[in-house]
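Source file: run00.cif. Holds: mmCIF, C-alpha atoms and all ligand atoms.
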```cif
data_upload
loop_
_atom_site.label_atom_id
_atom_site.label_comp_id
_atom_site.auth_asym_id
_atom_site.auth_seq_id
_atom_site.Cartn_x
_atom_site.Cartn_y
_atom_site.Cartn_z
CA MET A 1231 24.26 17.02 21.25
CA ALA A 1232 24.21 14.77 18.23
CA PHE A 1233 22.62 15.97 15.01
CA ILE A 1234 19.28 14.30 14.24
CA PRO A 1235 18.77 14.04 10.46
CA TYR A 1236 15.29 14.23 8.92
CA SER A 1237 15.93 10.81 7.43
CA ARG A 1238 18.57 8.14 7.88
CA GLN A 1239 18.96 4.88 5.99
CA GLN A 1240 19.02 1.58 7.87
CA ILE A 1241 21.96 -0.57 6.72
CA THR A 1242 22.50 -3.97 8.37
CA ASP A 1243 25.27 -6.55 8.23
CA ASP A 1244 22.99 -8.59 5.94
CA ASP A 1245 22.79 -5.64 3.51
CA ILE A 1246 26.58 -5.36 3.49
CA ALA A 1247 26.99 -9.11 2.95
CA ALA A 1248 24.51 -9.03 0.06
CA VAL A 1249 26.39 -6.24 -1.72
CA THR A 1250 29.76 -7.86 -1.01
CA ALA A 1251 28.55 -11.14 -2.49
CA VAL A 1252 27.74 -9.34 -5.77
CA LEU A 1253 31.18 -7.69 -5.76
CA ARG A 1254 32.74 -11.17 -5.54
CA SER A 1255 30.46 -12.60 -8.23
CA GLU A 1256 30.63 -12.75 -12.02
CA PHE A 1257 28.18 -9.90 -12.68
CA LEU A 1258 28.28 -6.35 -11.34
CA THR A 1259 25.50 -5.38 -13.73
CA GLN A 1260 23.05 -7.21 -16.04
CA GLY A 1261 23.36 -10.26 -13.80
CA PRO A 1262 20.81 -12.21 -11.75
CA ALA A 1263 20.33 -9.73 -8.87
CA VAL A 1264 18.21 -7.27 -10.85
CA PRO A 1265 15.53 -9.78 -11.97
CA ALA A 1266 15.58 -11.29 -8.44
CA PHE A 1267 14.89 -7.86 -6.93
CA GLU A 1268 12.21 -7.14 -9.55
CA ARG A 1269 10.48 -10.47 -8.81
CA ALA A 1270 10.57 -9.91 -5.04
CA PHE A 1271 9.29 -6.34 -5.35
CA ALA A 1272 6.47 -7.47 -7.66
CA ASP A 1273 5.49 -10.22 -5.20
CA VAL A 1274 5.45 -7.88 -2.20
CA HIS A 1275 3.37 -5.36 -4.15
CA GLN A 1276 1.09 -8.02 -5.72
CA VAL A 1277 1.73 -6.79 -9.24
CA LYS A 1278 2.61 -8.63 -12.46
CA HIS A 1279 5.56 -6.56 -13.69
CA ALA A 1280 8.36 -4.66 -11.99
CA ILE A 1281 11.03 -2.89 -14.08
CA ALA A 1282 14.05 -1.62 -12.13
CA VAL A 1283 15.84 1.55 -13.26
CA GLY A 1284 18.73 3.75 -12.11
CA ASN A 1285 16.48 6.14 -10.17
CA ALA A 1286 12.81 7.17 -10.00
CA THR A 1287 13.41 10.15 -12.29
CA GLU A 1288 14.41 7.73 -15.05
CA GLY A 1289 11.37 5.61 -14.21
CA LEU A 1290 9.04 8.61 -14.58
CA HIS A 1291 10.77 9.55 -17.84
CA ILE A 1292 10.39 6.17 -19.57
CA ALA A 1293 6.93 5.63 -18.09
CA CYS A 1294 5.84 8.90 -19.72
CA LEU A 1295 7.34 7.73 -23.03
CA ALA A 1296 5.75 4.28 -22.73
CA LEU A 1297 2.36 5.93 -22.08
CA GLY A 1298 2.75 7.86 -25.33
CA VAL A 1299 3.82 11.24 -23.94
CA GLY A 1300 5.62 13.26 -26.61
CA PRO A 1301 5.62 16.71 -28.20
CA GLY A 1302 2.13 18.15 -28.15
CA ALA A 1303 0.95 15.95 -25.27
CA ARG A 1304 -0.38 17.45 -22.04
CA VAL A 1305 0.60 16.08 -18.62
CA TRP A 1306 -0.77 17.21 -15.25
CA THR A 1307 0.76 16.61 -11.82
CA SER A 1308 0.69 17.91 -8.25
CA PRO A 1309 2.60 21.11 -7.43
CA ASN A 1310 3.38 19.67 -3.97
CA SER A 1311 6.07 17.26 -5.12
CA PHE A 1312 9.70 16.90 -6.01
CA LEU A 1313 10.76 18.48 -9.30
CA ALA A 1314 11.02 15.12 -11.09
CA SER A 1315 7.21 14.61 -11.06
CA ALA A 1316 6.92 17.50 -13.54
CA ASN A 1317 10.32 17.42 -15.27
CA CYS A 1318 9.58 13.97 -16.72
CA ALA A 1319 6.89 15.46 -18.99
CA LEU A 1320 9.26 18.19 -20.18
CA TYR A 1321 11.94 15.60 -21.06
CA CYS A 1322 9.44 14.17 -23.55
CA GLY A 1323 8.64 17.55 -25.10
CA ALA A 1324 5.16 17.63 -23.56
CA THR A 1325 3.36 20.53 -21.92
CA ILE A 1326 3.06 20.38 -18.12
CA ASP A 1327 0.28 21.76 -15.93
CA PHE A 1328 -0.64 21.29 -12.28
CA VAL A 1329 -3.72 20.44 -10.23
CA ASP A 1330 -3.90 22.02 -6.78
CA ILE A 1331 -3.82 19.92 -3.62
CA ASP A 1332 -6.41 18.89 -1.07
CA PRO A 1333 -5.23 20.72 2.09
CA HIS A 1334 -6.26 17.73 4.22
CA THR A 1335 -4.23 15.00 2.44
CA ARG A 1336 -1.74 17.36 0.67
CA ASN A 1337 -2.20 15.14 -2.40
CA MET A 1338 -3.75 16.16 -5.72
CA SER A 1339 -7.35 17.28 -5.07
CA VAL A 1340 -9.91 15.14 -6.87
CA VAL A 1341 -12.38 18.05 -6.76
CA ALA A 1342 -9.86 20.39 -8.40
CA LEU A 1343 -8.94 17.69 -10.93
CA ALA A 1344 -12.60 17.11 -11.89
CA ALA A 1345 -13.20 20.84 -12.35
CA LYS A 1346 -10.03 21.31 -14.39
CA LEU A 1347 -10.89 18.31 -16.60
CA GLU A 1348 -14.37 19.66 -17.32
CA ALA A 1349 -12.91 23.03 -18.32
CA ALA A 1350 -10.28 21.29 -20.46
CA ARG A 1351 -12.91 19.19 -22.21
CA THR A 1352 -14.75 22.35 -23.25
CA ALA A 1353 -11.49 23.98 -24.36
CA GLY A 1354 -10.24 20.84 -26.15
CA THR A 1355 -7.13 20.68 -23.95
CA LEU A 1356 -7.59 17.42 -22.03
CA PRO A 1357 -4.38 15.80 -20.68
CA GLN A 1358 -3.04 12.49 -21.99
CA VAL A 1359 -1.40 11.56 -18.67
CA VAL A 1360 -2.03 12.61 -15.04
CA ILE A 1361 0.69 12.01 -12.43
CA PRO A 1362 -0.74 11.91 -8.89
CA VAL A 1363 1.88 11.83 -6.11
CA ASP A 1364 1.49 9.90 -2.84
CA PHE A 1365 2.86 12.73 -0.73
CA ALA A 1366 4.74 11.68 2.42
CA GLY A 1367 3.68 8.07 1.72
CA LEU A 1368 -0.09 8.64 1.98
CA PRO A 1369 -1.78 7.04 -1.05
CA THR A 1370 -3.74 9.34 -3.38
CA ASP A 1371 -7.49 8.93 -4.10
CA LEU A 1372 -6.82 6.67 -7.07
CA ARG A 1373 -10.27 5.05 -7.21
CA GLU A 1374 -11.83 8.46 -7.85
CA ILE A 1375 -9.03 9.44 -10.27
CA ARG A 1376 -9.57 6.14 -12.16
CA THR A 1377 -13.24 7.05 -12.63
CA LEU A 1378 -12.17 10.40 -14.08
CA ALA A 1379 -9.49 8.71 -16.24
CA ASP A 1380 -12.11 6.43 -17.76
CA ARG A 1381 -14.48 9.34 -18.36
CA TYR A 1382 -11.92 11.75 -19.86
CA GLY A 1383 -9.54 9.28 -21.49
CA PHE A 1384 -6.22 9.93 -19.76
CA ARG A 1385 -3.66 7.45 -18.41
CA ILE A 1386 -2.56 7.45 -14.76
CA LEU A 1387 1.15 7.45 -13.89
CA GLN A 1388 1.36 7.28 -10.10
CA ASP A 1389 4.45 8.76 -8.47
CA ALA A 1390 4.75 6.52 -5.40
CA SER A 1391 8.35 7.53 -4.68
CA HIS A 1392 7.34 8.02 -1.03
CA ALA A 1393 5.03 5.05 -0.80
CA THR A 1394 6.87 1.72 -1.12
CA GLY A 1395 4.70 -0.78 0.76
CA ALA A 1396 1.82 1.64 1.46
CA ARG A 1397 -1.71 0.26 1.11
CA TYR A 1398 -4.86 1.68 -0.48
CA LEU A 1399 -8.29 0.05 -0.25
CA GLY A 1400 -6.72 -3.13 1.08
CA ALA A 1401 -4.13 -3.57 -1.68
CA PRO A 1402 -0.47 -2.56 -1.98
CA VAL A 1403 0.23 0.70 -3.80
CA GLY A 1404 1.39 -0.10 -7.33
CA SER A 1405 -0.91 -3.10 -7.79
CA ALA A 1406 -4.11 -1.42 -8.96
CA TRP A 1407 -5.83 1.72 -10.33
CA ALA A 1408 -2.81 3.34 -12.03
CA ASP A 1409 -1.52 2.33 -15.49
CA ALA A 1410 2.00 2.47 -14.09
CA THR A 1411 3.48 3.29 -10.68
CA VAL A 1412 6.99 4.59 -9.98
CA PHE A 1413 8.97 4.01 -6.76
CA SER A 1414 12.23 5.63 -5.58
CA PHE A 1415 15.02 3.93 -3.65
CA HIS A 1416 17.08 7.06 -3.02
CA ALA A 1417 18.88 6.87 0.32
CA VAL A 1418 16.22 8.93 2.16
CA LYS A 1419 13.29 6.82 0.95
CA ILE A 1420 11.52 3.81 2.54
CA VAL A 1421 13.80 1.14 1.02
CA THR A 1422 17.13 2.16 -0.44
CA THR A 1423 19.50 1.04 -3.17
CA ALA A 1424 21.55 4.28 -2.72
CA GLU A 1425 20.12 5.52 -6.02
CA GLY A 1426 17.43 3.49 -7.67
CA GLY A 1427 13.90 3.30 -8.92
CA LEU A 1428 11.32 0.89 -10.26
CA VAL A 1429 8.13 0.94 -12.32
CA THR A 1430 5.25 -1.48 -11.69
CA THR A 1431 2.42 -2.26 -14.09
CA GLN A 1432 -0.18 -4.96 -14.69
CA ASP A 1433 -0.03 -4.26 -18.44
CA ASP A 1434 2.12 -6.70 -20.48
CA ALA A 1435 2.59 -4.34 -23.45
CA LEU A 1436 3.56 -1.44 -21.20
CA ALA A 1437 6.05 -3.64 -19.34
CA ARG A 1438 7.71 -4.69 -22.64
CA GLU A 1439 7.97 -1.06 -23.70
CA LEU A 1440 9.53 -0.07 -20.36
CA GLN A 1441 12.07 -2.90 -20.63
CA LEU A 1442 13.06 -1.72 -24.11
CA LEU A 1443 13.31 1.94 -23.15
CA ARG A 1444 15.53 1.37 -20.09
CA SER A 1445 18.18 -0.39 -22.19
CA HIS A 1446 18.76 1.49 -25.47
CA GLY A 1447 15.51 0.30 -27.02
CA MET A 1448 17.26 -2.95 -27.87
CA THR A 1449 16.13 -6.55 -27.57
CA ARG A 1450 17.64 -10.02 -27.89
CA ASP A 1451 14.18 -11.64 -27.80
CA ALA A 1452 13.44 -13.07 -31.27
CA ALA A 1453 9.71 -12.76 -30.62
CA LEU A 1454 10.05 -8.94 -30.48
CA MET A 1455 12.24 -8.56 -33.56
CA ASP A 1456 11.37 -7.22 -37.00
CA GLY A 1457 14.19 -9.13 -38.70
CA THR A 1458 15.43 -12.70 -38.56
CA PRO A 1459 18.50 -13.26 -36.37
CA ASP A 1460 21.53 -14.01 -38.56
CA GLY A 1461 23.28 -15.60 -35.58
CA PRO A 1462 23.15 -15.98 -31.80
CA TRP A 1463 24.88 -12.59 -31.36
CA TYR A 1464 21.99 -10.79 -33.05
CA TYR A 1465 20.19 -7.91 -31.31
CA GLU A 1466 17.84 -5.26 -32.60
CA GLN A 1467 17.21 -1.66 -31.67
CA GLN A 1468 13.46 -1.12 -31.80
CA ARG A 1469 13.20 2.33 -30.17
CA LEU A 1470 15.39 5.24 -29.17
CA GLY A 1471 15.97 4.03 -25.60
CA TYR A 1472 18.42 4.94 -22.86
CA ASN A 1473 20.84 3.35 -20.46
CA PHE A 1474 18.62 3.65 -17.38
CA ARG A 1475 19.62 0.31 -15.86
CA MET A 1476 19.99 -0.54 -12.17
CA THR A 1477 23.24 -2.35 -11.27
CA ASP A 1478 23.39 -5.72 -9.50
CA LEU A 1479 25.02 -4.00 -6.51
CA GLN A 1480 21.97 -1.78 -6.10
CA ALA A 1481 19.53 -4.64 -6.69
CA ALA A 1482 21.25 -6.84 -4.08
CA LEU A 1483 20.96 -4.03 -1.53
CA GLY A 1484 17.31 -3.52 -2.46
CA LEU A 1485 16.51 -7.22 -2.18
CA SER A 1486 18.11 -7.38 1.27
CA GLN A 1487 16.27 -4.22 2.41
CA LEU A 1488 12.95 -5.46 1.06
CA LYS A 1489 13.07 -8.38 3.52
CA ARG A 1490 12.75 -5.82 6.34
CA LEU A 1491 10.01 -3.75 4.71
CA ASP A 1492 7.32 -4.75 7.22
CA ASP A 1493 9.60 -4.12 10.17
CA MET A 1494 10.78 -0.76 8.86
CA HIS A 1495 7.15 0.25 8.17
CA ALA A 1496 6.05 -0.75 11.64
CA LYS A 1497 8.86 1.35 13.14
CA ARG A 1498 7.98 4.38 11.02
CA ALA A 1499 4.28 4.01 11.86
CA ALA A 1500 4.99 3.70 15.59
CA ARG A 1501 7.10 6.87 15.54
CA ALA A 1502 4.43 8.73 13.56
CA GLU A 1503 1.81 7.67 16.07
CA ARG A 1504 4.03 8.83 18.91
CA TYR A 1505 4.48 12.23 17.18
CA ASP A 1506 0.68 12.47 16.89
CA ALA A 1507 0.39 12.09 20.66
CA LEU A 1508 3.33 14.35 21.56
CA LEU A 1509 2.12 17.15 19.27
CA ALA A 1510 -1.57 16.94 20.18
CA ASP A 1511 -1.61 20.13 22.28
CA LEU A 1512 0.60 22.23 19.97
CA PRO A 1513 -0.66 24.74 17.35
CA VAL A 1514 0.29 22.49 14.44
CA LYS A 1515 -1.67 20.51 11.88
CA ARG A 1516 -0.56 16.88 11.84
CA PRO A 1517 -0.61 14.57 8.80
CA ALA A 1518 -4.03 13.19 7.84
CA ARG A 1519 -5.05 9.65 8.72
CA LEU A 1520 -7.65 7.99 6.51
CA ALA A 1521 -9.41 4.75 7.34
CA ASP A 1522 -9.14 3.30 3.80
CA ARG A 1523 -5.34 3.62 3.37
CA VAL A 1524 -2.07 2.99 5.20
CA SER A 1525 0.73 5.53 4.79
CA ALA A 1526 4.31 4.39 4.31
CA TRP A 1527 5.30 7.34 6.54
CA HIS A 1528 8.18 8.56 4.38
CA LEU A 1529 7.74 12.01 5.94
CA TYR A 1530 6.10 13.43 9.04
CA ALA A 1531 5.18 16.91 7.78
CA ILE A 1532 3.44 19.38 10.06
CA GLU A 1533 1.89 22.76 9.27
CA LEU A 1534 2.29 25.55 11.80
CA SER A 1535 -0.92 27.43 12.55
CA ARG A 1536 -1.20 30.82 10.90
CA GLY A 1537 0.55 33.51 12.90
CA HIS A 1538 3.50 31.27 13.70
CA ASP A 1539 6.67 32.18 11.83
CA ARG A 1540 7.76 29.04 9.97
CA ARG A 1541 11.22 30.39 9.24
CA ALA A 1542 11.92 31.26 12.90
CA VAL A 1543 10.70 27.87 14.10
CA PHE A 1544 12.71 26.07 11.40
CA GLU A 1545 15.86 28.00 12.34
CA ALA A 1546 15.36 27.27 16.04
CA LEU A 1547 15.18 23.55 15.28
CA ARG A 1548 18.25 23.65 13.04
CA ALA A 1549 20.16 25.65 15.69
CA ALA A 1550 19.37 22.81 18.12
CA GLU A 1551 20.95 20.28 15.72
CA ILE A 1552 17.62 18.97 14.48
CA GLY A 1553 17.64 18.24 10.75
CA VAL A 1554 14.22 19.51 9.81
CA ASN A 1555 13.39 20.05 6.16
CA VAL A 1556 10.61 21.48 3.99
CA HIS A 1557 8.68 19.40 1.46
CA TYR A 1558 7.93 20.95 -1.01
CA ILE A 1559 8.53 24.31 -2.60
CA PRO A 1560 5.59 24.25 -5.08
CA ILE A 1561 7.10 23.20 -8.41
CA HIS A 1562 5.28 25.88 -10.42
CA THR A 1563 7.05 28.65 -8.42
CA GLN A 1564 10.53 27.49 -9.50
CA PRO A 1565 12.26 29.87 -11.94
CA HIS A 1566 12.28 27.25 -14.69
CA TYR A 1567 8.52 26.84 -14.38
CA GLN A 1568 7.89 30.58 -14.03
CA ARG A 1569 9.65 30.97 -17.38
CA LEU A 1570 7.09 28.51 -18.79
CA GLY A 1571 4.34 30.92 -17.68
CA PHE A 1572 3.40 29.78 -14.17
CA LYS A 1573 3.28 32.29 -11.34
CA ARG A 1574 2.79 32.53 -7.60
CA GLY A 1575 -0.92 32.38 -6.83
CA ASP A 1576 -1.69 29.77 -9.50
CA PHE A 1577 -2.13 26.92 -6.98
CA PRO A 1578 -3.05 28.58 -3.68
CA ALA A 1579 -3.60 25.44 -1.58
CA ALA A 1580 -0.11 24.10 -2.36
CA GLU A 1581 1.36 27.54 -1.67
CA ALA A 1582 -0.51 27.95 1.64
CA TYR A 1583 0.65 24.51 2.76
CA TYR A 1584 4.24 25.26 1.76
CA ALA A 1585 4.24 28.58 3.68
CA GLN A 1586 3.71 26.80 7.04
CA ALA A 1587 5.23 23.33 6.42
CA ILE A 1588 8.08 21.65 8.30
CA SER A 1589 9.11 17.98 7.94
CA LEU A 1590 10.21 16.58 11.29
CA PRO A 1591 12.87 13.85 11.53
CA LEU A 1592 11.43 10.36 11.00
CA PHE A 1593 13.33 7.14 10.33
CA PRO A 1594 13.13 3.55 11.56
CA GLU A 1595 15.97 3.77 14.08
CA MET A 1596 14.93 7.10 15.60
CA THR A 1597 14.88 6.78 19.40
CA GLU A 1598 12.20 8.02 21.79
CA ALA A 1599 14.80 10.32 23.35
CA GLU A 1600 15.50 11.86 19.95
CA GLN A 1601 11.80 12.31 19.32
CA ASP A 1602 11.32 13.91 22.74
CA ARG A 1603 14.14 16.33 21.98
CA VAL A 1604 12.57 17.31 18.62
CA VAL A 1605 9.22 17.98 20.26
CA ALA A 1606 10.73 19.88 23.21
CA VAL A 1607 12.61 22.25 20.88
CA LEU A 1608 9.52 22.66 18.69
CA ARG A 1609 7.39 23.40 21.77
CA ALA A 1610 9.83 26.05 22.98
CA ALA A 1611 10.08 27.61 19.51
CA LEU A 1612 6.30 27.86 19.27
CA GLY A 1613 6.27 29.74 22.58
C1 LIG B 1 12.59 11.23 -4.57
C2 LIG B 1 11.48 11.58 -5.50
C3 LIG B 1 11.59 11.47 -6.89
C4 LIG B 1 12.88 11.20 -7.59
O1 LIG B 1 13.47 10.06 -7.13
P1 LIG B 1 14.97 9.69 -7.57
O2 LIG B 1 15.04 8.24 -7.30
O3 LIG B 1 15.86 10.51 -6.69
O4 LIG B 1 15.13 10.04 -9.01
C5 LIG B 1 10.46 11.68 -7.66
N1 LIG B 1 9.29 12.02 -7.11
C6 LIG B 1 9.16 12.19 -5.78
C7 LIG B 1 7.83 12.54 -5.22
C8 LIG B 1 10.26 11.99 -4.94
O5 LIG B 1 10.14 12.19 -3.63
#
```
Take the structure in the file and write it out as structure tokens.
Amino acid sequence: MAFIPYSRQQITDDDIAAVTAVLRSEFLTQGPAVPAFERAFADVHQVKHAIAVGNATEGLHIACLALGVGPGARVWTSPNSFLASANCALYCGATIDFVDIDPHTRNMSVVALAAKLEAARTAGTLPQVVIPVDFAGLPTDLREIRTLADRYGFRILQDASHATGARYLGAPVGSAWADATVFSFHAVKIVTTAEGGLVTTQDDALARELQLLRSHGMTRDAALMDGTPDGPWYYEQQRLGYNFRMTDLQAALGLSQLKRLDDMHAKRAARAERYDALLADLPVKRPARLADRVSAWHLYAIELSRGHDRRAVFEALRAAEIGVNVHYIPIHTQPHYQRLGFKRGDFPAAEAYYAQAISLPLFPEMTEAEQDRVVAVLRAALG
């Protein structure tokens, strides 16, 4: 019985040829593949600027900096996310807080956000940046969050690490509503560059700032310089930036993968739909479907009905060589965050979801036989 992972990258001969071509070329990094990937990603996502970085964590970090997050700033995110959605604010010396989730979408609740903003306005503790997360690939309610952003004066940094190619209100995620949107190309994500990330924005000034910050804060563009070049070698450091660059090897892989984005999406969506049908009579809550948005289906996360022992079901699946996983342990319950003052009970909807959640295997090349086996073991485990 072969092990079925919860996610598995799709690598084709074309991907291998694309990476090999870079290996045989002049540039392994800082060559033409990175801007080519950025241009293609921006076109697919109908957005003006795309800035590639070494991973999404770096993207979140410099996007926070570019949006003005620093010591004394307040940043809010969803507790139902990967650690990086919150860590990025701490890297900048800001204070982090969380907004509980909507149990239906498992994304940041707009109702909870509105209530928390109103309380913060009274207390004089409004956030500078809010980081909604498109959990499992399902876009967040960004139209409503934009209305709140305009009313309360915060910037929106969307963590779309799960949502490459997802659509919201008829437009690709990353093209509208947020000030900046971050994508991840880690091997388990929708499109992979092994490790990799990218920030999109429609804002020219923000894009320039992101380009500076990902490469030491330095520029060779005379238009951006304070001084006058004393020769063609001249460069200037304008900010304290980082080396957060993507290599040409990664970009070539990403560019090759991006050509199959529609196909890989269609395969994920078909498998998600098939899970919906196969699970219909089981005591589990399936992922939400909303008419105004299209999920990228990074994850297929179910919630066992109360009374079912999540741990026992999880262990039964693992014992049957099925690579289930759990997304996510609420960030505020991690020891590092408890030491910052958060405690269990602070965000009950995220905690209730976590207590019953299991992510089932889902990837483009998953076969019907594999899916049937997952559901059969789950059915038996649920009694
Ligand atoms: C994967 C992920 C990240 C971090 O991505 P890396 O590319 O691994 O740094 C951030 N946020 C979310 C929601 C993720 O799933």
| request: Identify, counting only C-alpha atoms and all ligand atoms, the protein, DNA and RNA residues located within 10 Å of ligand LIG 1 (chain B), and give them as an MDAnalysis selection string. | output: chainID A and resid 1283:1291 1308 1310:1318 1362:1367 1388:1393 1412:1419 1422:1428 1528:1529 1557:1558
| message | (21.3, -2.2, -0.3) in this file's frame - what residues fall within 9 Å of it? Use all atoms listed in the file and give the answer as a list in words. | response |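 All residues meeting the 9 Å criterion around (21.3, -2.2, -0.3) are Ile1241, Thr1242, Asp1245, Ile1246, Ala1248, Val1249, Val1421, Thr1422, Thr1423, Ala1424, Leu1479, Gln1480, Ala1481, Ala1482, Leu1483, Gly1484, Leu1485, Ser1486 and Gln1487 of chain A.
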Env of Cys1294 (chain A): 9 Å cut, atoms = only C-alpha atoms, seq-sep filter 4 positions within chain, self excluded. Answer as a JSON list (two decimals) with C-alpha atoms, in the frame of the given file.
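File produced: around-v7.json:
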```
[["chain", "number", "residue", "atom", "x", "y", "z"],
["A", 1289, "GLY", "CA", 11.37, 5.61, -14.21],
["A", 1290, "LEU", "CA", 9.04, 8.61, -14.58],
["A", 1298, "GLY", "CA", 2.75, 7.86, -25.33],
["A", 1299, "VAL", "CA", 3.82, 11.24, -23.94],
["A", 1300, "GLY", "CA", 5.62, 13.26, -26.61],
["A", 1305, "VAL", "CA", 0.60, 16.08, -18.62],
["A", 1318, "CYS", "CA", 9.58, 13.97, -16.72],
["A", 1319, "ALA", "CA", 6.89, 15.46, -18.99],
["A", 1322, "CYS", "CA", 9.44, 14.17, -23.55],
["A", 1359, "VAL", "CA", -1.40, 11.56, -18.67],
["A", 1387, "LEU", "CA", 1.15, 7.45, -13.89]]
```
| request: Calculate how many Å separate CA of Gln1568 (chain A) from CA of Pro1309 (chain A), rounding to one decimal. | output: 12.7 Å
| request: Please return, as a list in words, all polymer residues that have at least one atom within 12 Å of the point (2.7, -8.8, -8.0); use all atoms listed in the file and the file's own coordinate frame. | output: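 The residues near that point, listed by chain and number, are Glu1268, Arg1269, Ala1270, Phe1271, Ala1272, Asp1273, Val1274, His1275, Gln1276, Val1277, Lys1278, His1279, Ala1280, Ile1281, Ala1401, Pro1402, Val1403, Gly1404, Ser1405, Ala1406, Val1429, Thr1430, Thr1431, Gln1432 and Asp1433 of chain A.
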| field | Neighbour list for region 1512-1522 of chain A as a PyMOL selection string, cut-off 9 Å, only C-alpha atoms, skip fewer than 3 positions in-chain | value | chain A and resi 1334-1336+1366+1368+1397-1400+1505-1506+1508-1509+1525+1530-1536+1538+1609+1612
Using all atoms listed in the file, what does the table of region 1246-1347 of chain A residues within 9 Å of region 1374-1381 of chain A look like, with each row giving the shortest atom pair and its distance in Å to one decimal, sorted by chain and ascending number, as a Markdown table?
```
| residue | atom | partner | partner_atom | distance |
| --- | --- | --- | --- | --- |
| A:Val1340 | CA | A:Ile1375 | CA | 6.7 |
| A:Leu1343 | CA | A:Ile1375 | CA | 8.3 |
| A:Ala1344 | CA | A:Leu1378 | CA | 7.1 |
| A:Leu1347 | CA | A:Leu1378 | CA | 8.4 |
```
Take the residues from that selection and put them in a file with C-alpha atoms, as an mmCIF file, in the coordinates of the input.
```cif
data_model
loop_
_atom_site.group_PDB
_atom_site.id
_atom_site.type_symbol
_atom_site.label_atom_id
_atom_site.label_comp_id
_atom_site.auth_asym_id
_atom_site.auth_seq_id
_atom_site.Cartn_x
_atom_site.Cartn_y
_atom_site.Cartn_z
ATOM 1 C CA VAL A 1340 -9.910 15.140 -6.870
ATOM 2 C CA LEU A 1343 -8.940 17.690 -10.930
ATOM 3 C CA ALA A 1344 -12.600 17.110 -11.890
ATOM 4 C CA LEU A 1347 -10.890 18.310 -16.600
#
```
| message | So the first atom is CA of Gly1383 (chain A) and the second is CA of Asp1576 (chain A); what is the distance between them in Å, to one decimal place? | response |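 Between CA of Gly1383 (chain A) and CA of Asp1576 (chain A) the gap works out to 25.0 Å.
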| In terms of the shortest atom-to-atom distance over only C-alpha atoms, which of A:Ala1293, A:Val1605, A:Leu1440, A:Ala1452 is closest to Asp1511 (chain A)? |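 Ranking A:Ala1293, A:Val1605, A:Leu1440, A:Ala1452 by distance to Asp1511 (chain A), first place goes to A:Val1605.
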| Separation of CA of Ala1303 (chain A) from CA of Leu1320 (chain A), in Å and rounded to one decimal |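 Interatomic distance, CA of Ala1303 (chain A) to CA of Leu1320 (chain A): 10.0 Å.
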| field | Counting only C-alpha atoms, the option among A:Gln1467, A:Ser1339, A:Gln1358, A:Thr1370 closest to Met1455 (chain A) | value | A:Gln1467
